[in-house]
$ cat structure.csv   # CSV, C-alpha atoms
chain,number,residue,atom,x,y,z
A,1,ASP,CA,89.4,222.0,253.7
A,2,ALA,CA,89.6,220.0,256.9
A,3,GLY,CA,89.3,216.3,256.6
A,4,VAL,CA,87.8,213.9,259.2
A,5,THR,CA,89.3,214.5,262.7
A,6,GLN,CA,89.2,212.2,265.6
A,7,SER,CA,90.1,212.6,269.2
A,8,PRO,CA,91.8,211.4,271.2
A,9,THR,CA,94.6,209.8,269.3
A,10,HIS,CA,95.4,207.2,271.9
A,11,LEU,CA,93.6,206.1,275.0
A,12,ILE,CA,94.3,203.6,277.8
A,13,LYS,CA,91.5,202.3,279.9
A,14,THR,CA,90.9,199.4,282.3
A,15,ARG,CA,88.3,196.7,282.2
A,16,GLY,CA,84.9,197.8,283.3
A,17,GLN,CA,85.4,201.5,282.5
A,18,GLN,CA,83.6,203.4,279.9
A,19,VAL,CA,85.0,205.5,277.1
A,20,THR,CA,83.9,208.3,274.7
A,21,LEU,CA,85.5,208.8,271.3
A,22,ARG,CA,84.9,211.9,269.2
A,23,CYS,CA,84.7,212.6,265.5
A,24,SER,CA,84.3,215.6,263.3
A,25,PRO,CA,83.3,214.9,259.7
A,26,LYS,CA,84.8,216.3,256.6
A,27,SER,CA,83.3,219.7,255.7
A,28,GLY,CA,80.2,219.2,253.7
A,29,HIS,CA,79.5,215.6,254.9
A,30,ASP,CA,76.4,214.8,256.8
A,31,THR,CA,76.8,211.1,257.6
A,32,VAL,CA,79.2,209.5,260.1
A,33,SER,CA,80.1,205.8,260.3
A,34,TRP,CA,82.2,204.1,263.0
A,35,TYR,CA,84.4,201.1,262.5
A,36,GLN,CA,86.4,198.9,264.8
A,37,GLN,CA,89.7,197.5,263.5
A,38,ALA,CA,91.3,194.8,265.6
A,39,LEU,CA,95.0,194.1,265.2
A,40,GLY,CA,95.7,192.3,261.9
A,41,GLN,CA,92.1,192.6,260.7
A,42,GLY,CA,90.0,194.7,258.4
A,43,PRO,CA,87.7,197.3,259.8
A,44,GLN,CA,84.3,196.1,261.1
A,45,PHE,CA,81.2,198.3,260.8
A,46,ILE,CA,79.8,199.4,264.1
A,47,PHE,CA,77.0,201.9,263.2
A,48,GLN,CA,76.1,204.9,261.1
A,49,TYR,CA,74.5,208.2,262.0
A,50,TYR,CA,72.5,210.6,259.8
A,51,GLU,CA,70.3,213.5,261.0
A,52,GLU,CA,71.1,212.6,264.6
A,53,GLU,CA,69.7,209.1,264.3
A,54,GLU,CA,71.3,205.7,264.1
A,55,ARG,CA,70.5,204.4,260.6
A,56,GLN,CA,72.4,201.1,260.3
A,57,ARG,CA,74.1,198.9,262.9
A,58,GLY,CA,76.6,196.1,262.6
A,59,ASN,CA,76.9,193.1,264.9
A,60,PHE,CA,78.0,194.9,268.0
A,61,PRO,CA,76.5,194.6,271.5
A,62,ASP,CA,74.5,197.4,273.1
A,63,ARG,CA,77.6,198.4,275.1
A,64,PHE,CA,78.4,200.3,272.0
A,65,SER,CA,76.3,203.4,271.5
A,66,GLY,CA,76.6,206.6,269.7
A,67,HIS,CA,75.4,210.1,269.1
A,68,GLN,CA,75.4,212.6,266.3
A,69,PHE,CA,75.1,216.3,267.0
A,70,PRO,CA,73.4,219.1,264.9
A,71,ASN,CA,76.8,220.1,263.5
A,72,TYR,CA,77.2,216.5,262.2
A,73,SER,CA,80.0,215.6,264.6
A,74,SER,CA,79.6,212.3,266.4
A,75,GLU,CA,80.6,210.4,269.5
A,76,LEU,CA,81.1,206.7,270.1
A,77,ASN,CA,80.6,205.4,273.6
A,78,VAL,CA,81.6,202.0,274.9
A,79,ASN,CA,80.5,200.9,278.4
A,80,ALA,CA,81.8,198.0,280.5
A,81,LEU,CA,85.0,197.8,278.6
A,82,LEU,CA,86.4,194.3,277.8
A,83,LEU,CA,90.0,193.3,276.9
A,84,GLY,CA,88.6,192.4,273.4
A,85,ASP,CA,87.6,196.1,272.9
A,86,SER,CA,91.2,197.0,272.4
A,87,ALA,CA,91.4,198.1,268.8
A,88,LEU,CA,91.7,201.1,266.4
A,89,TYR,CA,88.4,202.9,266.1
A,90,LEU,CA,87.9,204.6,262.8
A,91,CYS,CA,85.4,207.3,262.0
A,92,ALA,CA,84.3,207.8,258.4
A,93,SER,CA,82.1,210.5,256.9
A,94,SER,CA,80.2,210.8,253.7
A,95,ARG,CA,77.3,212.6,252.0
A,96,ARG,CA,73.9,210.9,252.1
A,97,ASP,CA,73.1,212.1,248.6
A,98,ARG,CA,76.5,211.1,247.0
A,99,VAL,CA,76.2,207.3,247.0
A,100,HIS,CA,79.1,206.6,244.6
A,101,GLN,CA,81.6,208.7,246.5
A,102,PRO,CA,83.9,207.1,249.0
A,103,GLN,CA,83.7,207.4,252.7
A,104,HIS,CA,86.6,209.5,254.1
A,105,PHE,CA,88.3,208.2,257.2
A,106,GLY,CA,90.0,209.9,260.1
A,107,ASP,CA,93.3,208.8,261.6
A,108,GLY,CA,91.6,206.7,264.2
A,109,THR,CA,91.7,206.4,268.0
A,110,ARG,CA,93.9,203.6,269.4
A,111,LEU,CA,92.1,202.2,272.4
A,112,SER,CA,94.0,199.9,274.8
A,113,ILE,CA,92.3,198.0,277.6
A,114,LEU,CA,94.4,196.8,280.5
B,1,ALA,CA,75.7,188.1,253.3
B,2,GLN,CA,78.3,190.3,251.8
B,3,LYS,CA,81.9,189.0,251.8
B,4,ILE,CA,85.2,190.2,250.6
B,5,THR,CA,88.2,187.8,250.2
B,6,GLN,CA,91.8,188.9,249.9
B,7,THR,CA,93.9,185.8,249.7
B,8,GLN,CA,97.3,187.4,249.7
B,9,PRO,CA,98.4,188.2,253.2
B,10,GLY,CA,101.6,189.7,251.9
B,11,MET,CA,103.1,190.8,248.6
B,12,PHE,CA,106.7,191.9,247.7
B,13,VAL,CA,107.6,194.0,244.7
B,14,GLN,CA,110.6,195.8,243.5
B,15,GLU,CA,110.5,199.5,243.0
B,16,LYS,CA,109.2,200.6,239.5
B,17,GLU,CA,107.6,197.2,238.9
B,18,ALA,CA,103.8,196.6,238.7
B,19,VAL,CA,101.9,194.6,241.2
B,20,THR,CA,98.4,193.1,241.3
B,21,LEU,CA,96.5,192.7,244.6
B,22,ASP,CA,93.6,190.3,244.5
B,23,CYS,CA,90.1,190.8,245.7
B,24,THR,CA,87.0,188.6,245.2
B,25,TYR,CA,83.6,189.4,246.5
B,26,ASP,CA,80.3,187.7,247.1
B,27,THR,CA,76.9,189.5,247.0
B,28,SER,CA,73.4,188.8,245.8
B,29,ASP,CA,72.7,192.5,245.1
B,30,GLN,CA,72.8,193.8,241.6
B,31,SER,CA,73.9,197.3,242.7
B,32,TYR,CA,77.1,197.6,244.6
B,33,GLY,CA,80.3,199.5,244.8
B,34,LEU,CA,83.9,198.3,245.3
B,35,PHE,CA,86.6,200.4,246.9
B,36,TRP,CA,90.3,200.1,247.5
B,37,TYR,CA,91.9,201.8,250.5
B,38,LYS,CA,95.5,202.1,251.6
B,39,GLN,CA,96.4,202.0,255.2
B,40,PRO,CA,99.9,203.1,256.2
B,41,SER,CA,101.3,202.2,259.6
B,42,SER,CA,99.9,205.6,260.9
B,43,GLY,CA,96.4,204.1,260.7
B,44,GLU,CA,94.5,206.4,258.4
B,45,MET,CA,92.5,204.8,255.6
B,46,ILE,CA,93.3,206.5,252.3
B,47,PHE,CA,90.8,206.1,249.4
B,48,LEU,CA,92.5,204.9,246.2
B,49,ILE,CA,89.9,203.9,243.6
B,50,TYR,CA,86.2,203.1,243.2
B,51,GLN,CA,84.3,200.8,240.8
B,52,GLY,CA,80.5,200.7,240.5
B,53,SER,CA,78.8,197.5,239.6
B,54,TYR,CA,77.2,199.1,236.5
B,55,ASP,CA,80.4,200.8,235.3
B,56,GLU,CA,81.4,199.3,232.0
B,57,GLN,CA,85.0,200.7,232.0
B,58,ASN,CA,87.6,199.6,234.5
B,59,ALA,CA,88.4,202.5,236.9
B,60,THR,CA,91.7,204.2,236.8
B,61,GLU,CA,93.3,206.8,239.1
B,62,GLY,CA,96.8,207.7,238.2
B,63,ARG,CA,99.1,204.7,238.9
B,64,TYR,CA,96.1,202.7,240.2
B,65,SER,CA,93.7,200.7,238.1
B,66,LEU,CA,91.0,198.3,238.9
B,67,ASN,CA,90.7,195.1,236.9
B,68,PHE,CA,86.9,194.5,237.3
B,69,GLN,CA,85.6,191.1,236.2
B,70,LYS,CA,82.0,191.0,237.1
B,71,ALA,CA,81.2,187.5,236.1
B,72,ARG,CA,84.1,186.2,238.2
B,73,LYS,CA,83.2,188.6,241.0
B,74,SER,CA,86.8,189.9,241.2
B,75,ALA,CA,88.1,193.5,241.6
B,76,ASN,CA,91.9,193.3,241.6
B,77,LEU,CA,93.9,196.4,242.2
B,78,VAL,CA,96.9,197.0,239.9
B,79,ILE,CA,99.6,199.4,241.0
B,80,SER,CA,102.0,200.4,238.2
B,81,ALA,CA,105.5,201.7,238.7
B,82,SER,CA,105.6,200.9,242.4
B,83,GLN,CA,107.2,203.4,244.7
B,84,LEU,CA,108.7,202.9,248.2
B,85,GLY,CA,105.9,205.0,249.6
B,86,ASP,CA,103.4,202.4,248.4
B,87,SER,CA,104.5,200.0,251.2
B,88,ALA,CA,101.3,199.7,253.3
B,89,MET,CA,98.2,197.6,254.0
B,90,TYR,CA,95.7,197.5,251.2
B,91,PHE,CA,92.0,196.8,251.8
B,92,CYS,CA,89.3,195.9,249.4
B,93,ALA,CA,85.8,196.9,250.5
B,94,MET,CA,82.3,196.6,249.2
B,95,ARG,CA,79.2,198.7,249.6
B,96,GLU,CA,75.8,197.1,248.7
B,97,GLY,CA,72.9,199.0,247.4
B,98,ASN,CA,72.3,202.5,246.2
B,99,THR,CA,70.9,204.2,249.3
B,100,GLY,CA,73.1,206.6,251.4
B,101,PHE,CA,72.7,204.4,254.4
B,102,GLN,CA,75.4,201.8,253.7
B,103,LYS,CA,78.1,200.1,255.5
B,104,LEU,CA,81.4,199.0,254.0
B,105,VAL,CA,82.5,195.4,254.3
B,106,PHE,CA,86.2,195.0,254.3
B,107,GLY,CA,88.5,192.2,253.5
B,108,THR,CA,91.4,191.1,255.7
B,109,GLY,CA,93.9,193.1,253.7
B,110,THR,CA,97.2,192.6,251.9
B,111,ARG,CA,100.5,193.9,253.2
B,112,LEU,CA,102.6,195.3,250.3
B,113,LEU,CA,106.3,195.8,250.7
B,114,VAL,CA,108.2,197.7,248.0
B,115,SER,CA,111.9,197.1,248.0
B,116,PRO,CA,114.5,199.4,246.4
$ encode --input "structure.csv" --output "structure tokens"
Amino acid sequence: DAGVTQSPTHLIKTRGQQVTLRCSPKSGHDTVSWYQQALGQGPQFIFQYYEEEERQRGNFPDRFSGHQFPNYSSELNVNALLLGDSALYLCASSRRDRVHQPQHFGDGTRLSIL
Amino acid sequence: AQKITQTQPGMFVQEKEAVTLDCTYDTSDQSYGLFWYKQPSSGEMIFLIYQGSYDEQNATEGRYSLNFQKARKSANLVISASQLGDSAMYFCAMREGNTGFQKLVFGTGTRLLVSP
């Protein structure tokens, strides 16, 4: 039973560029959430997707956008990259109808902005 | 607004001893869930234990137990018989509400170091 998979593992970009991160949820999960974890901090919620729509959003600018596909996989896009976007980006999946079960996380994508 | 506070930046414990990691939370919601996750240096977040706000018994999962004191709004993680592999960052997180559209709010974490 495959868990949450994220790609790529590491990424280096320069300021002003854009980036796309990918996530495949755990088998049987239909909801995908994205988190940003800066060095030495706890993860911060970016947004959540269900049925291909953004359902909740955290306090992140519009430069951060996402998408969910019919197979439940998801992408996180960040435009006009800033140095402060350097972080570990975590994808988590869950089931919409299993409220009391935990979100399962992938290994993350480490994004470095030069 | 939801808030999770972890006041211990770092904790040290000897192998085979028990350790308690503190977590306090703030919410105005009656229905919420509390989670503990472990994050090794590799980066993945590993789920450890869950406590619902209406659960009357403290949650236990193997060597992990959660000391839930609702009136004090605390949800401390107790790890019994520490092992070297327990060395990692530990995060307390909260989910408000009972819908499926929920975000987790995390604390700043506690780094646990287990020595031989």
$ interface_residues --input "structure.csv" --of "chain B" --to "chain A" --cutoff "6 Å" --atoms "all atoms listed in the file" --output "list in words"
Gly43, Glu44, Met45, Gly100, Phe106, Gly107 and Thr108 of chain B
$ closest_residue --input "structure.csv" --among "B:Phe101, B:Tyr90, B:Trp36, B:Tyr54" --to "Leu66 in chain B" --atoms "only C-alpha atoms"
B:Trp36
$ closest_residue --input "structure.csv" --among "B:Thr27, B:Ser41, B:Ser53, B:Thr99" --to "Lys70 in chain B" --atoms "all atoms listed in the file"
B:Ser53
$ atom_distance --input "structure.csv" --atom1 "CA of Phe47 in chain B" --atom2 "CA of Glu61 in chain B"
10.6 Å
$ residues_near_point --input "structure.csv" --point "(110.7, 196.9, 246.3)" --cutoff "9 Å" --atoms "only C-alpha atoms" --output "list in words"
Phe12, Val13, Gln14, Glu15, Lys16, Glu17, Ser82, Gln83, Leu84, Ser87, Leu113, Val114, Ser115 and Pro116 of chain B
$ atom_distance --input "structure.csv" --atom1 "CA of Tyr25 in chain B" --atom2 "CA of Gly85 in chain B"
27.4 Å
$ axis_aligned_box --input "structure.csv" --around "range 91-109 of chain A" --padding-each-side "4 Å" --output "AutoDock Vina command-line options"
--center_x 83.2 --center_y 209.5 --center_z 256.3 --size_x 28.2 --size_y 14.2 --size_z 31.4
$ atom_distance --input "structure.csv" --atom1 "CA of Leu21 in chain B" --atom2 "CA of Ser80 in chain B"
11.4 Å
$ closest_residue --input "structure.csv" --among "A:Ser24, A:Ser112, A:Gln36, A:Ser7" --to "Leu81 in chain A" --atoms "all atoms listed in the file"
A:Ser112
$ residues_near_point --input "structure.csv" --point "(88.8, 187.2, 241.7)" --cutoff "7 Å" --atoms "all atoms listed in the file" --output "short mmCIF file (atom, residue, chain, number, x, y, z; two decimals) with C-alpha atoms, in the frame of the given file"
data_model
loop_
_atom_site.label_atom_id
_atom_site.label_comp_id
_atom_site.auth_asym_id
_atom_site.auth_seq_id
_atom_site.Cartn_x
_atom_site.Cartn_y
_atom_site.Cartn_z
CA ASP B 22 93.60 190.30 244.50
CA CYS B 23 90.10 190.80 245.70
CA THR B 24 87.00 188.60 245.20
CA ARG B 72 84.10 186.20 238.20
CA LYS B 73 83.20 188.60 241.00
CA SER B 74 86.80 189.90 241.20
CA ALA B 75 88.10 193.50 241.60
CA ASN B 76 91.90 193.30 241.60
#
$ residues_around --input "structure.csv" --residues "range 64-76 of chain A" --least-positions-apart "3" --cutoff "6 Å" --atoms "all atoms listed in the file" --output "VMD selection string"
chain A and resid 20 to 25 30 52
$ write_last_selection --input "structure.csv" --atoms "C-alpha atoms" --output "PDB file, in the coordinates of the input"
ATOM      1  CA  THR A  20      83.900 208.300 274.700  1.00  0.00           C
ATOM      2  CA  LEU A  21      85.500 208.800 271.300  1.00  0.00           C
ATOM      3  CA  ARG A  22      84.900 211.900 269.200  1.00  0.00           C
ATOM      4  CA  CYS A  23      84.700 212.600 265.500  1.00  0.00           C
ATOM      5  CA  SER A  24      84.300 215.600 263.300  1.00  0.00           C
ATOM      6  CA  PRO A  25      83.300 214.900 259.700  1.00  0.00           C
ATOM      7  CA  ASP A  30      76.400 214.800 256.800  1.00  0.00           C
ATOM      8  CA  GLU A  52      71.100 212.600 264.600  1.00  0.00           C
TER       9      GLU A  52
END
$ residues_around --input "structure.csv" --residues "Gln8 in chain B" --least-positions-apart "2" --cutoff "8 Å" --atoms "all atoms listed in the file" --output "PyMOL selection string"
chain B and resi 6+10-11+21-22+109-110
$ decode --input "structure.csv" --residues "range 74-88 of chain B" --atoms "all heavy atoms" --output "PDB file, in the first residue's frame"
ATOM      1  N   SER B  74      -4.202  21.132  27.788  1.00  0.00           N
ATOM      2  CA  SER B  74      -2.879  20.572  27.543  1.00  0.00           C
ATOM      3  C   SER B  74      -3.003  19.144  27.006  1.00  0.00           C
ATOM      4  O   SER B  74      -3.957  18.427  27.332  1.00  0.00           O
ATOM      5  CB  SER B  74      -2.019  20.600  28.803  1.00  0.00           C
ATOM      6  OG  SER B  74      -2.441  19.628  29.720  1.00  0.00           O
ATOM      7  N   ALA B  75      -2.044  18.767  26.207  1.00  0.00           N
ATOM      8  CA  ALA B  75      -2.042  17.441  25.566  1.00  0.00           C
ATOM      9  C   ALA B  75      -0.592  16.986  25.464  1.00  0.00           C
ATOM     10  O   ALA B  75       0.005  16.991  24.384  1.00  0.00           O
ATOM     11  CB  ALA B  75      -2.684  17.525  24.190  1.00  0.00           C
ATOM     12  N   ASN B  76      -0.053  16.571  26.576  1.00  0.00           N
ATOM     13  CA  ASN B  76       1.362  16.213  26.626  1.00  0.00           C
ATOM     14  C   ASN B  76       1.603  14.792  26.128  1.00  0.00           C
ATOM     15  O   ASN B  76       0.827  13.881  26.425  1.00  0.00           O
ATOM     16  CB  ASN B  76       1.903  16.348  28.044  1.00  0.00           C
ATOM     17  CG  ASN B  76       1.796  17.769  28.568  1.00  0.00           C
ATOM     18  OD1 ASN B  76       1.722  18.726  27.795  1.00  0.00           O
ATOM     19  ND2 ASN B  76       1.793  17.899  29.883  1.00  0.00           N
ATOM     20  N   LEU B  77       2.676  14.608  25.400  1.00  0.00           N
ATOM     21  CA  LEU B  77       3.053  13.298  24.890  1.00  0.00           C
ATOM     22  C   LEU B  77       4.037  12.644  25.862  1.00  0.00           C
ATOM     23  O   LEU B  77       5.025  13.270  26.255  1.00  0.00           O
ATOM     24  CB  LEU B  77       3.721  13.430  23.514  1.00  0.00           C
ATOM     25  CG  LEU B  77       4.258  12.128  22.907  1.00  0.00           C
ATOM     26  CD1 LEU B  77       3.111  11.203  22.505  1.00  0.00           C
ATOM     27  CD2 LEU B  77       5.156  12.425  21.686  1.00  0.00           C
ATOM     28  N   VAL B  78       3.748  11.420  26.234  1.00  0.00           N
ATOM     29  CA  VAL B  78       4.643  10.659  27.090  1.00  0.00           C
ATOM     30  C   VAL B  78       5.212   9.496  26.278  1.00  0.00           C
ATOM     31  O   VAL B  78       4.459   8.717  25.695  1.00  0.00           O
ATOM     32  CB  VAL B  78       3.919  10.118  28.345  1.00  0.00           C
ATOM     33  CG1 VAL B  78       4.895   9.345  29.212  1.00  0.00           C
ATOM     34  CG2 VAL B  78       3.289  11.268  29.130  1.00  0.00           C
ATOM     35  N   ILE B  79       6.530   9.437  26.229  1.00  0.00           N
ATOM     36  CA  ILE B  79       7.201   8.324  25.562  1.00  0.00           C
ATOM     37  C   ILE B  79       7.853   7.478  26.653  1.00  0.00           C
ATOM     38  O   ILE B  79       8.693   7.975  27.418  1.00  0.00           O
ATOM     39  CB  ILE B  79       8.282   8.797  24.565  1.00  0.00           C
ATOM     40  CG1 ILE B  79       7.683   9.779  23.551  1.00  0.00           C
ATOM     41  CG2 ILE B  79       8.912   7.605  23.844  1.00  0.00           C
ATOM     42  CD1 ILE B  79       8.720  10.395  22.607  1.00  0.00           C
ATOM     43  N   SER B  80       7.447   6.242  26.752  1.00  0.00           N
ATOM     44  CA  SER B  80       8.032   5.362  27.764  1.00  0.00           C
ATOM     45  C   SER B  80       9.195   4.591  27.157  1.00  0.00           C
ATOM     46  O   SER B  80       9.257   4.385  25.942  1.00  0.00           O
ATOM     47  CB  SER B  80       6.980   4.398  28.291  1.00  0.00           C
ATOM     48  OG  SER B  80       6.530   3.567  27.244  1.00  0.00           O
ATOM     49  N   ALA B  81      10.129   4.199  27.991  1.00  0.00           N
ATOM     50  CA  ALA B  81      11.254   3.363  27.558  1.00  0.00           C
ATOM     51  C   ALA B  81      11.884   3.894  26.267  1.00  0.00           C
ATOM     52  O   ALA B  81      11.886   3.238  25.224  1.00  0.00           O
ATOM     53  CB  ALA B  81      10.786   1.925  27.354  1.00  0.00           C
ATOM     54  N   SER B  82      12.437   5.102  26.350  1.00  0.00           N
ATOM     55  CA  SER B  82      12.995   5.767  25.167  1.00  0.00           C
ATOM     56  C   SER B  82      14.037   4.894  24.474  1.00  0.00           C
ATOM     57  O   SER B  82      14.803   4.162  25.130  1.00  0.00           O
ATOM     58  CB  SER B  82      13.642   7.092  25.575  1.00  0.00           C
ATOM     59  OG  SER B  82      12.695   7.966  26.101  1.00  0.00           O
ATOM     60  N   GLN B  83      14.071   5.029  23.148  1.00  0.00           N
ATOM     61  CA  GLN B  83      15.032   4.304  22.323  1.00  0.00           C
ATOM     62  C   GLN B  83      15.851   5.315  21.522  1.00  0.00           C
ATOM     63  O   GLN B  83      15.402   6.445  21.290  1.00  0.00           O
ATOM     64  CB  GLN B  83      14.299   3.351  21.370  1.00  0.00           C
ATOM     65  CG  GLN B  83      13.436   2.338  22.071  1.00  0.00           C
ATOM     66  CD  GLN B  83      12.582   1.528  21.089  1.00  0.00           C
ATOM     67  OE1 GLN B  83      12.590   1.776  19.878  1.00  0.00           O
ATOM     68  NE2 GLN B  83      11.871   0.539  21.623  1.00  0.00           N
ATOM     69  N   LEU B  84      17.038   4.902  21.087  1.00  0.00           N
ATOM     70  CA  LEU B  84      17.892   5.813  20.320  1.00  0.00           C
ATOM     71  C   LEU B  84      17.170   6.323  19.077  1.00  0.00           C
ATOM     72  O   LEU B  84      17.331   7.484  18.679  1.00  0.00           O
ATOM     73  CB  LEU B  84      19.194   5.115  19.927  1.00  0.00           C
ATOM     74  CG  LEU B  84      20.108   4.709  21.079  1.00  0.00           C
ATOM     75  CD1 LEU B  84      21.349   3.985  20.543  1.00  0.00           C
ATOM     76  CD2 LEU B  84      20.511   5.910  21.926  1.00  0.00           C
ATOM     77  N   GLY B  85      16.343   5.478  18.498  1.00  0.00           N
ATOM     78  CA  GLY B  85      15.596   5.867  17.298  1.00  0.00           C
ATOM     79  C   GLY B  85      14.504   6.888  17.551  1.00  0.00           C
ATOM     80  O   GLY B  85      13.895   7.386  16.602  1.00  0.00           O
ATOM     81  N   ASP B  86      14.254   7.219  18.806  1.00  0.00           N
ATOM     82  CA  ASP B  86      13.254   8.241  19.130  1.00  0.00           C
ATOM     83  C   ASP B  86      13.814   9.651  18.953  1.00  0.00           C
ATOM     84  O   ASP B  86      13.067  10.627  19.007  1.00  0.00           O
ATOM     85  CB  ASP B  86      12.767   8.082  20.571  1.00  0.00           C
ATOM     86  CG  ASP B  86      11.969   6.804  20.782  1.00  0.00           C
ATOM     87  OD1 ASP B  86      11.400   6.281  19.801  1.00  0.00           O
ATOM     88  OD2 ASP B  86      11.934   6.318  21.935  1.00  0.00           O
ATOM     89  N   SER B  87      15.112   9.781  18.757  1.00  0.00           N
ATOM     90  CA  SER B  87      15.724  11.101  18.550  1.00  0.00           C
ATOM     91  C   SER B  87      15.163  11.713  17.269  1.00  0.00           C
ATOM     92  O   SER B  87      15.318  11.147  16.181  1.00  0.00           O
ATOM     93  CB  SER B  87      17.242  10.980  18.451  1.00  0.00           C
ATOM     94  OG  SER B  87      17.802  10.568  19.668  1.00  0.00           O
ATOM     95  N   ALA B  88      14.505  12.855  17.408  1.00  0.00           N
ATOM     96  CA  ALA B  88      13.812  13.497  16.283  1.00  0.00           C
ATOM     97  C   ALA B  88      13.141  14.768  16.780  1.00  0.00           C
ATOM     98  O   ALA B  88      13.196  15.075  17.974  1.00  0.00           O
ATOM     99  CB  ALA B  88      12.756  12.570  15.689  1.00  0.00           C
TER     100      ALA B  88
END
